[in-house]
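Peer 1: The structure's right below; bear with me while I get my questions together.
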Number of protein chains: 2
Amino acid sequence: MEVKAYAAQNETAPLQPYIINRREPREHDVQIDILYCGICHSDLHTARGEWYGTMYPCVPGHEIVGRVVKVGSHVKKYAEGDIVGVGCMVDSCRECASCQEGLEQYCENGFVGTYNGQERDGSGYTLGGYSKQVVVDEAFVLKIRDTENLAGVAPLLCAGITTYSPLRHWGVKKGDKVGVVGLGGLGHMAVKLAASFGADVTMISHSPSKKQDAEKLGAHHFLLTKDANEVAAASGSFDFILDTVSADHDYNMYLGMLKRDGKMVCVGIPSTPGQVPAFSLIMQRKTLAGSLIGGIAETQEMLDYCAEHNITSDVEVIDIKDINEAYERMLKGDVRYRFVIDMNTL
Amino acid sequence: MEVKAYAAQNETAPLQPYIINRREPREHDVQIDILYCGICHSDLHTARGEWYGTMYPCVPGHEIVGRVVKVGSHVKKYAEGDIVGVGCMVDSCRECASCQEGLEQYCENGFVGTYNGQERDGSGYTLGGYSKQVVVDEAFVLKIRDTENLAGVAPLLCAGITTYSPLRHWGVKKGDKVGVVGLGGLGHMAVKLAASFGADVTMISHSPSKKQDAEKLGAHHFLLTKDANEVAAASGSFDFILDTVSADHDYNMYLGMLKRDGKMVCVGIPSTPGQVPAFSLIMQRKTLAGSLIGGIAETQEMLDYCAEHNITSDVEVIDIKDINEAYERMLKGDVRYRFVIDMNTL
């Protein structure tokens, strides 16, 4: 079927209206009317061909919430009218050890991204949520219980789960001293989630302008990395640091802020490798690790948790015609903290 | 009291005979006749002033075994005639959280190294095991149960515990796929220990000449890093990699060999920082960590474990007059796998 969308036709073209073709729902598919779609930095990198080879025309978008309008004959979990979400994945091999354990994001055969991914049936590449409708296997569709603020829920599908998963995996709990590096889409969710777990949360930023915002989001402290005295005073003070920054930066400064057995987990991917002196890890048995989004079961757990605890993303809702301007503002960090497209405007 | 020793008088001087002064045993002290002292790479770096400021004259040596000849009035654990060991530490603050947990190696106030450490009573800096006798607080003295092969036991006090501690801390167990990078003093102990835990052990080396030796030590497989096919075939195959190499090397190649949730732990300290792309950690939730020797309780556990399982270091026993030649051979990697000084030759 024909579906309205916004697409980049090549690396330098702005996103513009474009008609795409979606498959008719198969036995296990759910057809979704998209209501809101969050804008992730990955969308921009992919639309502009800055990562791993983009297939054009490219329709980004992997923070999708919408309403089910049709289900395949074998669909069990969803019915017409349900409010649902789709995140970064629409398929995986479902057979490898990771898939069997519900960790589809680490699928040994590669998960299928919601956009710019290769469909497993060889039918082509995937097109994302900057569109009126999407058709997804129910195994990769999430139930949305918090239907009050769907725009604020959309970014949970990527920014939310990307920060929730490492906080849970490494067991962040009440009383832990947690640092969050970077106050963007990911960072603001990390602050909200860590604080909701009862952790003592410090926003770590190079920008003094973030202080007030961080506190509003629930951070208990603010550490300005430009201030050498503050950095020195933070030495050995954190149990866990979640590093959400994708710009090149000095991992070693943050490693110095960890306690013995402290863990720093990266979710941002800077373009150049981090410089990590073994000494910085060895002297207090510290860990540097990475984490990628989350599995489907954990994403559902996160959505349910957020619904129960009234946690949503702080968003600025935009018309889809303003998408290219939103990209430019995102590059300047001029967004608190996530743009979300109101798909009614398409 | 005056004690015969071998010391470096400055950064460029060879080690030569020298008379040092040891304190008379205090209430909690044990006076030990040194029988054997292993030679660690740290000894060479410190003697030559290559690390952090060496105080001269410098007497290295922190893999000490000997016989108790005198004990202070309050000593409870040891008596004259006992065979004992002293490792890398002779004191710590004993009050911080790490010390209270038996992790003196991570003492928040800095442990006192067996040589080139500052005595906590302000009496000067410590002098190590290249000497006839040493006086150490009983809290930092270890019981040696395996008295058959004391030369082979000596290196357990540093090389043994440095590899035992991370293998235990990260829970290496039967059936785990374990890689050991580098076949030197640390690496050969890592192979023996990991194999004794029931792990499936692969020696990872750039030198084909190490293959036969690795298998003799108990490694089940050998991976030659110069062979790109072998490296590619090892992708995503290890649960745990212990990296014992202190020369600059490419962490990223080894990170690629880890499975999802795999852990690589560094115990060697290269002089330049490792290059660690966040991508390499994120895509399969991998960990890079460090580990430093082990606490006193764990060192005793390791010695007891090795005694029970007949694990000792493979050593070449030397006369102390040959120490400078041994250093040169060590720099060329010409030792299988640890030099140990027979202190009777002093």
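We label chains A, B, ... in the order they appear in the structure tokens, count residues from 1 in each chain, and number ligands from 1 in the order shown.
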Just need the residues of chain A within 6 Å of chain B, counting only C-alpha atoms, so spit them out as a PyMOL selection string.

Peer 2: chain A and resi 106+269+273-279+281-282+284-292

Peer 1: Contacts of Tyr125 in chain B at 10 Å or less, counting only C-alpha atoms, minus same-chain residues fewer than 4 places along, as a ChimeraX atom specification?

Peer 2: /B:55-56,58,112-120

Peer 1: With distances taken over only C-alpha atoms, which of B:Gly152, B:Met203, B:Lys70, B:Leu157 is nearest to Lys216 in chain B?

Peer 2: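 Checking each of B:Gly152, B:Met203, B:Lys70, B:Leu157 against Lys216 in chain B, counting only C-alpha atoms, the winner is B:Met203.
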
Peer 1: So which residues touch Asn21 in chain A within 12 Å, counting only C-alpha atoms, skipping near sequence neighbours fewer than 4 positions away, as a VMD selection string?

Peer 2: chain A and resid 1 to 5 57 59 123 to 128 131 to 135

Peer 1: I need the residues of range 3-184 of chain A that end up classed as helix (DSSP H, G or I) by DSSP on the backbone, written out as a PDB file with N, CA, C and O atoms, in the first residue's frame.

Peer 2:
ATOM      1  N   HIS A  41      19.438  11.389  17.127  1.00  0.00           N
ATOM      2  CA  HIS A  41      20.638  11.773  16.375  1.00  0.00           C
ATOM      3  C   HIS A  41      20.969  10.758  15.278  1.00  0.00           C
ATOM      4  O   HIS A  41      21.502  11.115  14.240  1.00  0.00           O
ATOM      5  N   SER A  42      20.646   9.482  15.532  1.00  0.00           N
ATOM      6  CA  SER A  42      20.924   8.460  14.525  1.00  0.00           C
ATOM      7  C   SER A  42      20.170   8.751  13.232  1.00  0.00           C
ATOM      8  O   SER A  42      20.653   8.443  12.142  1.00  0.00           O
ATOM      9  N   ASP A  43      18.988   9.342  13.362  1.00  0.00           N
ATOM     10  CA  ASP A  43      18.195   9.671  12.172  1.00  0.00           C
ATOM     11  C   ASP A  43      19.002  10.599  11.269  1.00  0.00           C
ATOM     12  O   ASP A  43      19.105  10.391  10.053  1.00  0.00           O
ATOM     13  N   LEU A  44      19.545  11.619  11.900  1.00  0.00           N
ATOM     14  CA  LEU A  44      20.308  12.634  11.161  1.00  0.00           C
ATOM     15  C   LEU A  44      21.555  12.004  10.520  1.00  0.00           C
ATOM     16  O   LEU A  44      21.830  12.213   9.330  1.00  0.00           O
ATOM     17  N   HIS A  45      22.312  11.237  11.326  1.00  0.00           N
ATOM     18  CA  HIS A  45      23.534  10.605  10.792  1.00  0.00           C
ATOM     19  C   HIS A  45      23.206   9.702   9.612  1.00  0.00           C
ATOM     20  O   HIS A  45      23.940   9.665   8.628  1.00  0.00           O
ATOM     21  N   THR A  46      22.116   8.966   9.727  1.00  0.00           N
ATOM     22  CA  THR A  46      21.773   8.034   8.658  1.00  0.00           C
ATOM     23  C   THR A  46      21.256   8.794   7.432  1.00  0.00           C
ATOM     24  O   THR A  46      21.672   8.527   6.303  1.00  0.00           O
ATOM     25  N   ALA A  47      20.365   9.764   7.641  1.00  0.00           N
ATOM     26  CA  ALA A  47      19.820  10.535   6.514  1.00  0.00           C
ATOM     27  C   ALA A  47      20.947  11.185   5.718  1.00  0.00           C
ATOM     28  O   ALA A  47      20.891  11.272   4.492  1.00  0.00           O
ATOM     29  N   ALA A  97      21.622 -17.423  20.369  1.00  0.00           N
ATOM     30  CA  ALA A  97      21.573 -17.405  21.831  1.00  0.00           C
ATOM     31  C   ALA A  97      21.035 -16.069  22.336  1.00  0.00           C
ATOM     32  O   ALA A  97      20.214 -16.026  23.258  1.00  0.00           O
ATOM     33  N   SER A  98      21.462 -14.971  21.745  1.00  0.00           N
ATOM     34  CA  SER A  98      21.005 -13.656  22.212  1.00  0.00           C
ATOM     35  C   SER A  98      19.502 -13.504  22.017  1.00  0.00           C
ATOM     36  O   SER A  98      18.788 -13.053  22.924  1.00  0.00           O
ATOM     37  N   CYS A  99      19.005 -13.868  20.842  1.00  0.00           N
ATOM     38  CA  CYS A  99      17.563 -13.761  20.595  1.00  0.00           C
ATOM     39  C   CYS A  99      16.791 -14.658  21.554  1.00  0.00           C
ATOM     40  O   CYS A  99      15.757 -14.263  22.101  1.00  0.00           O
ATOM     41  N   GLN A 100      17.298 -15.861  21.766  1.00  0.00           N
ATOM     42  CA  GLN A 100      16.625 -16.795  22.670  1.00  0.00           C
ATOM     43  C   GLN A 100      16.550 -16.244  24.089  1.00  0.00           C
ATOM     44  O   GLN A 100      15.638 -16.550  24.832  1.00  0.00           O
ATOM     45  N   GLU A 104      17.542  -9.281  21.690  1.00  0.00           N
ATOM     46  CA  GLU A 104      17.547  -9.176  20.226  1.00  0.00           C
ATOM     47  C   GLU A 104      18.503  -8.099  19.739  1.00  0.00           C
ATOM     48  O   GLU A 104      18.989  -8.168  18.605  1.00  0.00           O
ATOM     49  N   GLN A 105      18.789  -7.108  20.582  1.00  0.00           N
ATOM     50  CA  GLN A 105      19.701  -6.042  20.145  1.00  0.00           C
ATOM     51  C   GLN A 105      21.115  -6.578  19.924  1.00  0.00           C
ATOM     52  O   GLN A 105      21.920  -5.939  19.259  1.00  0.00           O
ATOM     53  N   TYR A 106      21.410  -7.730  20.498  1.00  0.00           N
ATOM     54  CA  TYR A 106      22.729  -8.339  20.304  1.00  0.00           C
ATOM     55  C   TYR A 106      22.637  -9.573  19.407  1.00  0.00           C
ATOM     56  O   TYR A 106      23.508 -10.449  19.444  1.00  0.00           O
ATOM     57  N   GLU A 138       4.335  -8.533  15.170  1.00  0.00           N
ATOM     58  CA  GLU A 138       3.905  -8.229  16.548  1.00  0.00           C
ATOM     59  C   GLU A 138       4.993  -8.499  17.590  1.00  0.00           C
ATOM     60  O   GLU A 138       4.993  -7.905  18.659  1.00  0.00           O
ATOM     61  N   ALA A 139       5.937  -9.388  17.258  1.00  0.00           N
ATOM     62  CA  ALA A 139       7.015  -9.694  18.207  1.00  0.00           C
ATOM     63  C   ALA A 139       7.890  -8.473  18.479  1.00  0.00           C
ATOM     64  O   ALA A 139       8.605  -8.431  19.477  1.00  0.00           O
ATOM     65  N   PHE A 140       7.828  -7.493  17.603  1.00  0.00           N
ATOM     66  CA  PHE A 140       8.647  -6.292  17.773  1.00  0.00           C
ATOM     67  C   PHE A 140       7.795  -5.042  18.024  1.00  0.00           C
ATOM     68  O   PHE A 140       8.259  -3.926  17.871  1.00  0.00           O
ATOM     69  N   LEU A 150       1.417  10.890  24.631  1.00  0.00           N
ATOM     70  CA  LEU A 150       2.080   9.985  23.682  1.00  0.00           C
ATOM     71  C   LEU A 150       3.333  10.603  23.069  1.00  0.00           C
ATOM     72  O   LEU A 150       4.295   9.896  22.758  1.00  0.00           O
ATOM     73  N   ALA A 151       3.328  11.927  22.927  1.00  0.00           N
ATOM     74  CA  ALA A 151       4.531  12.573  22.380  1.00  0.00           C
ATOM     75  C   ALA A 151       5.715  12.346  23.319  1.00  0.00           C
ATOM     76  O   ALA A 151       6.839  12.092  22.880  1.00  0.00           O
ATOM     77  N   GLY A 152       5.462  12.425  24.628  1.00  0.00           N
ATOM     78  CA  GLY A 152       6.525  12.229  25.613  1.00  0.00           C
ATOM     79  C   GLY A 152       6.933  10.782  25.771  1.00  0.00           C
ATOM     80  O   GLY A 152       8.006  10.478  26.297  1.00  0.00           O
ATOM     81  N   VAL A 153       6.067   9.873  25.333  1.00  0.00           N
ATOM     82  CA  VAL A 153       6.383   8.443  25.411  1.00  0.00           C
ATOM     83  C   VAL A 153       7.291   8.014  24.247  1.00  0.00           C
ATOM     84  O   VAL A 153       8.173   7.176  24.405  1.00  0.00           O
ATOM     85  N   ALA A 154       7.084   8.630  23.081  1.00  0.00           N
ATOM     86  CA  ALA A 154       7.809   8.194  21.879  1.00  0.00           C
ATOM     87  C   ALA A 154       9.321   8.042  22.107  1.00  0.00           C
ATOM     88  O   ALA A 154       9.899   6.987  21.788  1.00  0.00           O
ATOM     89  N   PRO A 155      10.002   9.042  22.688  1.00  0.00           N
ATOM     90  CA  PRO A 155      11.460   8.909  22.843  1.00  0.00           C
ATOM     91  C   PRO A 155      11.883   7.803  23.813  1.00  0.00           C
ATOM     92  O   PRO A 155      13.060   7.432  23.836  1.00  0.00           O
ATOM     93  N   LEU A 156      10.951   7.274  24.599  1.00  0.00           N
ATOM     94  CA  LEU A 156      11.328   6.157  25.469  1.00  0.00           C
ATOM     95  C   LEU A 156      11.789   4.969  24.627  1.00  0.00           C
ATOM     96  O   LEU A 156      12.615   4.174  25.063  1.00  0.00           O
ATOM     97  N   LEU A 157      11.246   4.868  23.402  1.00  0.00           N
ATOM     98  CA  LEU A 157      11.538   3.707  22.554  1.00  0.00           C
ATOM     99  C   LEU A 157      13.010   3.605  22.147  1.00  0.00           C
ATOM    100  O   LEU A 157      13.482   2.541  21.764  1.00  0.00           O
ATOM    101  N   ALA A 159      15.743   6.592  23.338  1.00  0.00           N
ATOM    102  CA  ALA A 159      16.486   7.266  24.407  1.00  0.00           C
ATOM    103  C   ALA A 159      16.189   6.637  25.764  1.00  0.00           C
ATOM    104  O   ALA A 159      17.082   6.493  26.607  1.00  0.00           O
ATOM    105  N   GLY A 160      14.953   6.236  25.984  1.00  0.00           N
ATOM    106  CA  GLY A 160      14.583   5.639  27.264  1.00  0.00           C
ATOM    107  C   GLY A 160      15.243   4.291  27.475  1.00  0.00           C
ATOM    108  O   GLY A 160      15.940   4.074  28.463  1.00  0.00           O
ATOM    109  N   ILE A 161      15.081   3.390  26.528  1.00  0.00           N
ATOM    110  CA  ILE A 161      15.600   2.046  26.726  1.00  0.00           C
ATOM    111  C   ILE A 161      17.128   2.024  26.689  1.00  0.00           C
ATOM    112  O   ILE A 161      17.761   1.224  27.394  1.00  0.00           O
ATOM    113  N   THR A 162      17.730   2.909  25.918  1.00  0.00           N
ATOM    114  CA  THR A 162      19.195   2.939  25.827  1.00  0.00           C
ATOM    115  C   THR A 162      19.838   3.295  27.167  1.00  0.00           C
ATOM    116  O   THR A 162      20.962   2.882  27.462  1.00  0.00           O
ATOM    117  N   THR A 163      19.123   4.052  27.989  1.00  0.00           N
ATOM    118  CA  THR A 163      19.654   4.406  29.302  1.00  0.00           C
ATOM    119  C   THR A 163      19.115   3.469  30.394  1.00  0.00           C
ATOM    120  O   THR A 163      19.836   3.129  31.328  1.00  0.00           O
ATOM    121  N   TYR A 164      17.879   3.027  30.247  1.00  0.00           N
ATOM    122  CA  TYR A 164      17.287   2.108  31.233  1.00  0.00           C
ATOM    123  C   TYR A 164      18.066   0.795  31.281  1.00  0.00           C
ATOM    124  O   TYR A 164      18.386   0.278  32.363  1.00  0.00           O
ATOM    125  N   SER A 165      18.384   0.265  30.106  1.00  0.00           N
ATOM    126  CA  SER A 165      18.999  -1.063  30.058  1.00  0.00           C
ATOM    127  C   SER A 165      20.333  -1.134  30.817  1.00  0.00           C
ATOM    128  O   SER A 165      20.527  -2.016  31.655  1.00  0.00           O
ATOM    129  N   PRO A 166      21.285  -0.226  30.588  1.00  0.00           N
ATOM    130  CA  PRO A 166      22.534  -0.314  31.357  1.00  0.00           C
ATOM    131  C   PRO A 166      22.333  -0.037  32.845  1.00  0.00           C
ATOM    132  O   PRO A 166      22.993  -0.659  33.682  1.00  0.00           O
ATOM    133  N   LEU A 167      21.430   0.889  33.182  1.00  0.00           N
ATOM    134  CA  LEU A 167      21.192   1.151  34.609  1.00  0.00           C
ATOM    135  C   LEU A 167      20.694  -0.119  35.297  1.00  0.00           C
ATOM    136  O   LEU A 167      21.105  -0.453  36.414  1.00  0.00           O
ATOM    137  N   ARG A 168      19.832  -0.870  34.624  1.00  0.00           N
ATOM    138  CA  ARG A 168      19.318  -2.122  35.190  1.00  0.00           C
ATOM    139  C   ARG A 168      20.365  -3.230  35.131  1.00  0.00           C
ATOM    140  O   ARG A 168      20.550  -3.965  36.114  1.00  0.00           O
ATOM    141  N   HIS A 169      21.026  -3.367  33.969  1.00  0.00           N
ATOM    142  CA  HIS A 169      21.980  -4.471  33.800  1.00  0.00           C
ATOM    143  C   HIS A 169      23.091  -4.410  34.852  1.00  0.00           C
ATOM    144  O   HIS A 169      23.518  -5.436  35.377  1.00  0.00           O
TER     145      HIS A 169
END

Peer 1: Could you name the residues that touch Phe222 in chain A at 10 Å or less, counting only C-alpha atoms, but leaving out those on the same chain fewer than 4 positions away, as a VMD selection string?

Peer 2: chain A and resid 179 to 180 201 to 205 208 210 to 212 214 to 215 230

Peer 1: DSSP says strand (DSSP E or B) for which residues of range 141-259 of chain A? Put them as a ChimeraX atom specification?

Peer 2: /A:142-143,177-181,200-205,221-224,238-243,258-259

Peer 1: Show me, as a list in words, the residues that have an atom within 10 Å of Cys40 in chain A when counting only C-alpha atoms, minus same-chain residues fewer than 2 positions from it.

Peer 2: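 What passes the distance filter is Cys37, Gly38, Ser42, Asp43, Leu44, His45, Pro60, Gly61, His62, Glu63, Pro155, Cys158, Ala159, Gly185, Leu186, Tyr327, Met330, Arg338, Phe339 and Val340 of chain A.
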
Peer 1: For Trp170 in chain A, which residue among A:Val191, A:Ile144, A:Leu242, A:Ile311 is the nearest when counting only C-alpha atoms?

Peer 2: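 Closest residue, counting only C-alpha atoms: A:Leu242.
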
Peer 1: Pick out the closest residue to Leu183 in chain B from this set: B:Asp146, B:Asp334, B:Cys93, B:Ile34. Count only C-alpha atoms.

Peer 2: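 With only C-alpha atoms as the atom set, the closest residue is B:Asp334.
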
Peer 1: Give me the residues near Thr147 in chain A as a list in words, where near means some atom within 12 Å (using only C-alpha atoms) and where sequence neighbours in that chain fewer than 6 positions away do not count.

Peer 2: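 With the cut-off at 12 Å, the set is Leu35, Tyr36, Val65, Gly66, Arg67, Asp82, Ile83, Val84, Gly85, Val153, Ala154, Leu303, Asp304, Cys306, Ala307, Glu308, Asn310 and Thr312 of chain A.
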
Peer 1: Convert the current residue selection to file output with N, CA, C and O atoms, as a PDB file, in the first residue's frame.

Peer 2:
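Output below, filename out38.pdb:
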ATOM      1  N   LEU A  35       1.239   8.085  15.234  1.00  0.00           N
ATOM      2  CA  LEU A  35       0.762   9.341  15.819  1.00  0.00           C
ATOM      3  C   LEU A  35       1.926  10.300  16.081  1.00  0.00           C
ATOM      4  O   LEU A  35       1.838  11.491  15.795  1.00  0.00           O
ATOM      5  N   TYR A  36       2.993   9.755  16.641  1.00  0.00           N
ATOM      6  CA  TYR A  36       4.173  10.569  16.946  1.00  0.00           C
ATOM      7  C   TYR A  36       5.434   9.775  16.601  1.00  0.00           C
ATOM      8  O   TYR A  36       5.457   8.545  16.724  1.00  0.00           O
ATOM      9  N   VAL A  65       5.158   5.907  18.120  1.00  0.00           N
ATOM     10  CA  VAL A  65       3.940   5.468  18.810  1.00  0.00           C
ATOM     11  C   VAL A  65       2.761   5.680  17.865  1.00  0.00           C
ATOM     12  O   VAL A  65       2.743   6.624  17.065  1.00  0.00           O
ATOM     13  N   GLY A  66       1.808   4.798  17.966  1.00  0.00           N
ATOM     14  CA  GLY A  66       0.668   4.894  17.056  1.00  0.00           C
ATOM     15  C   GLY A  66      -0.465   3.995  17.500  1.00  0.00           C
ATOM     16  O   GLY A  66      -0.444   3.413  18.589  1.00  0.00           O
ATOM     17  N   ARG A  67      -1.460   3.921  16.628  1.00  0.00           N
ATOM     18  CA  ARG A  67      -2.669   3.150  16.936  1.00  0.00           C
ATOM     19  C   ARG A  67      -2.792   2.012  15.936  1.00  0.00           C
ATOM     20  O   ARG A  67      -2.595   2.207  14.730  1.00  0.00           O
ATOM     21  N   ASP A  82      -5.554  -0.533  19.698  1.00  0.00           N
ATOM     22  CA  ASP A  82      -4.509  -0.509  20.734  1.00  0.00           C
ATOM     23  C   ASP A  82      -3.477   0.579  20.428  1.00  0.00           C
ATOM     24  O   ASP A  82      -3.139   0.815  19.268  1.00  0.00           O
ATOM     25  N   ILE A  83      -2.999   1.195  21.491  1.00  0.00           N
ATOM     26  CA  ILE A  83      -1.897   2.146  21.341  1.00  0.00           C
ATOM     27  C   ILE A  83      -0.595   1.370  21.547  1.00  0.00           C
ATOM     28  O   ILE A  83      -0.417   0.687  22.566  1.00  0.00           O
ATOM     29  N   VAL A  84       0.293   1.470  20.569  1.00  0.00           N
ATOM     30  CA  VAL A  84       1.504   0.644  20.581  1.00  0.00           C
ATOM     31  C   VAL A  84       2.728   1.474  20.212  1.00  0.00           C
ATOM     32  O   VAL A  84       2.611   2.618  19.752  1.00  0.00           O
ATOM     33  N   GLY A  85       3.902   0.848  20.407  1.00  0.00           N
ATOM     34  CA  GLY A  85       5.154   1.501  20.059  1.00  0.00           C
ATOM     35  C   GLY A  85       6.038   0.591  19.233  1.00  0.00           C
ATOM     36  O   GLY A  85       5.909  -0.637  19.278  1.00  0.00           O
ATOM     37  N   VAL A 153       6.067   9.873  25.333  1.00  0.00           N
ATOM     38  CA  VAL A 153       6.383   8.443  25.411  1.00  0.00           C
ATOM     39  C   VAL A 153       7.291   8.014  24.247  1.00  0.00           C
ATOM     40  O   VAL A 153       8.173   7.176  24.405  1.00  0.00           O
ATOM     41  N   ALA A 154       7.084   8.630  23.081  1.00  0.00           N
ATOM     42  CA  ALA A 154       7.809   8.194  21.879  1.00  0.00           C
ATOM     43  C   ALA A 154       9.321   8.042  22.107  1.00  0.00           C
ATOM     44  O   ALA A 154       9.899   6.987  21.788  1.00  0.00           O
ATOM     45  N   LEU A 303       8.801   0.497  29.473  1.00  0.00           N
ATOM     46  CA  LEU A 303       7.583   1.278  29.187  1.00  0.00           C
ATOM     47  C   LEU A 303       6.584   1.152  30.337  1.00  0.00           C
ATOM     48  O   LEU A 303       5.967   2.140  30.759  1.00  0.00           O
ATOM     49  N   ASP A 304       6.444  -0.061  30.849  1.00  0.00           N
ATOM     50  CA  ASP A 304       5.518  -0.276  31.965  1.00  0.00           C
ATOM     51  C   ASP A 304       6.001   0.466  33.209  1.00  0.00           C
ATOM     52  O   ASP A 304       5.218   1.080  33.929  1.00  0.00           O
ATOM     53  N   CYS A 306       7.897   3.136  33.291  1.00  0.00           N
ATOM     54  CA  CYS A 306       7.730   4.579  33.096  1.00  0.00           C
ATOM     55  C   CYS A 306       6.259   4.988  33.245  1.00  0.00           C
ATOM     56  O   CYS A 306       5.955   6.049  33.797  1.00  0.00           O
ATOM     57  N   ALA A 307       5.360   4.134  32.758  1.00  0.00           N
ATOM     58  CA  ALA A 307       3.933   4.438  32.900  1.00  0.00           C
ATOM     59  C   ALA A 307       3.560   4.485  34.378  1.00  0.00           C
ATOM     60  O   ALA A 307       2.860   5.390  34.840  1.00  0.00           O
ATOM     61  N   GLU A 308       4.087   3.518  35.117  1.00  0.00           N
ATOM     62  CA  GLU A 308       3.768   3.419  36.542  1.00  0.00           C
ATOM     63  C   GLU A 308       4.343   4.597  37.327  1.00  0.00           C
ATOM     64  O   GLU A 308       3.776   5.042  38.315  1.00  0.00           O
ATOM     65  N   ASN A 310       5.152   7.613  36.030  1.00  0.00           N
ATOM     66  CA  ASN A 310       4.925   8.904  35.350  1.00  0.00           C
ATOM     67  C   ASN A 310       6.191   9.507  34.771  1.00  0.00           C
ATOM     68  O   ASN A 310       6.471  10.697  34.947  1.00  0.00           O
ATOM     69  N   THR A 312       8.201  10.426  31.466  1.00  0.00           N
ATOM     70  CA  THR A 312       8.178  10.594  30.012  1.00  0.00           C
ATOM     71  C   THR A 312       9.375  11.461  29.634  1.00  0.00           C
ATOM     72  O   THR A 312      10.071  11.994  30.501  1.00  0.00           O
TER      73      THR A 312
END

Peer 1: Using only C-alpha atoms, which protein or nucleic acid residues come within 9 Å of His74 in chain B? Drop anything in the same chain fewer than 5 positions from it, and give the result as a PyMOL selection string.

Peer 2: chain B and resi 26-29

Peer 1: Write the residues of the selection above to a file with all heavy atoms, as an mmCIF file, in the first residue's frame.

Peer 2:
data_model
loop_
_atom_site.group_PDB
_atom_site.id
_atom_site.type_symbol
_atom_site.label_atom_id
_atom_site.label_comp_id
_atom_site.auth_asym_id
_atom_site.auth_seq_id
_atom_site.Cartn_x
_atom_site.Cartn_y
_atom_site.Cartn_z
ATOM 1 N N ARG B 26 59.018 -5.325 65.915
ATOM 2 C CA ARG B 26 58.147 -4.714 66.915
ATOM 3 C C ARG B 26 57.118 -5.757 67.351
ATOM 4 O O ARG B 26 57.130 -6.892 66.880
ATOM 5 C CB ARG B 26 57.483 -3.472 66.321
ATOM 6 C CG ARG B 26 58.538 -2.412 65.971
ATOM 7 C CD ARG B 26 57.928 -1.172 65.336
ATOM 8 N NE ARG B 26 57.278 -1.453 64.073
ATOM 9 C CZ ARG B 26 57.124 -0.546 63.099
ATOM 10 N NH1 ARG B 26 57.605 0.685 63.238
ATOM 11 N NH2 ARG B 26 56.496 -0.860 61.991
ATOM 12 N N GLU B 27 56.191 -5.344 68.202
ATOM 13 C CA GLU B 27 55.241 -6.301 68.801
ATOM 14 C C GLU B 27 54.549 -7.206 67.787
ATOM 15 O O GLU B 27 54.343 -8.381 68.025
ATOM 16 C CB GLU B 27 54.165 -5.531 69.585
ATOM 17 C CG GLU B 27 54.689 -4.930 70.873
ATOM 18 C CD GLU B 27 53.608 -4.167 71.622
ATOM 19 O OE1 GLU B 27 52.574 -3.816 71.008
ATOM 20 O OE2 GLU B 27 53.785 -3.918 72.824
ATOM 21 N N HIS B 28 54.178 -6.606 66.640
ATOM 22 C CA HIS B 28 53.402 -7.371 65.661
ATOM 23 C C HIS B 28 54.242 -7.835 64.474
ATOM 24 O O HIS B 28 53.700 -8.323 63.486
ATOM 25 C CB HIS B 28 52.211 -6.534 65.169
ATOM 26 C CG HIS B 28 51.223 -6.211 66.237
ATOM 27 N ND1 HIS B 28 50.292 -7.122 66.672
ATOM 28 C CD2 HIS B 28 51.048 -5.095 66.989
ATOM 29 C CE1 HIS B 28 49.566 -6.581 67.638
ATOM 30 N NE2 HIS B 28 50.007 -5.350 67.858
ATOM 31 N N ASP B 29 55.550 -7.671 64.589
ATOM 32 C CA ASP B 29 56.421 -7.972 63.447
ATOM 33 C C ASP B 29 56.935 -9.403 63.435
ATOM 34 O O ASP B 29 57.108 -10.038 64.483
ATOM 35 C CB ASP B 29 57.647 -7.051 63.457
ATOM 36 C CG ASP B 29 57.351 -5.672 62.898
ATOM 37 O OD1 ASP B 29 56.320 -5.503 62.221
ATOM 38 O OD2 ASP B 29 58.170 -4.762 63.150
#

Peer 1: Any idea what the distance is between CA of Glu95 in chain A and CA of Gly171 in chain B?

Peer 2: 27.3 Å
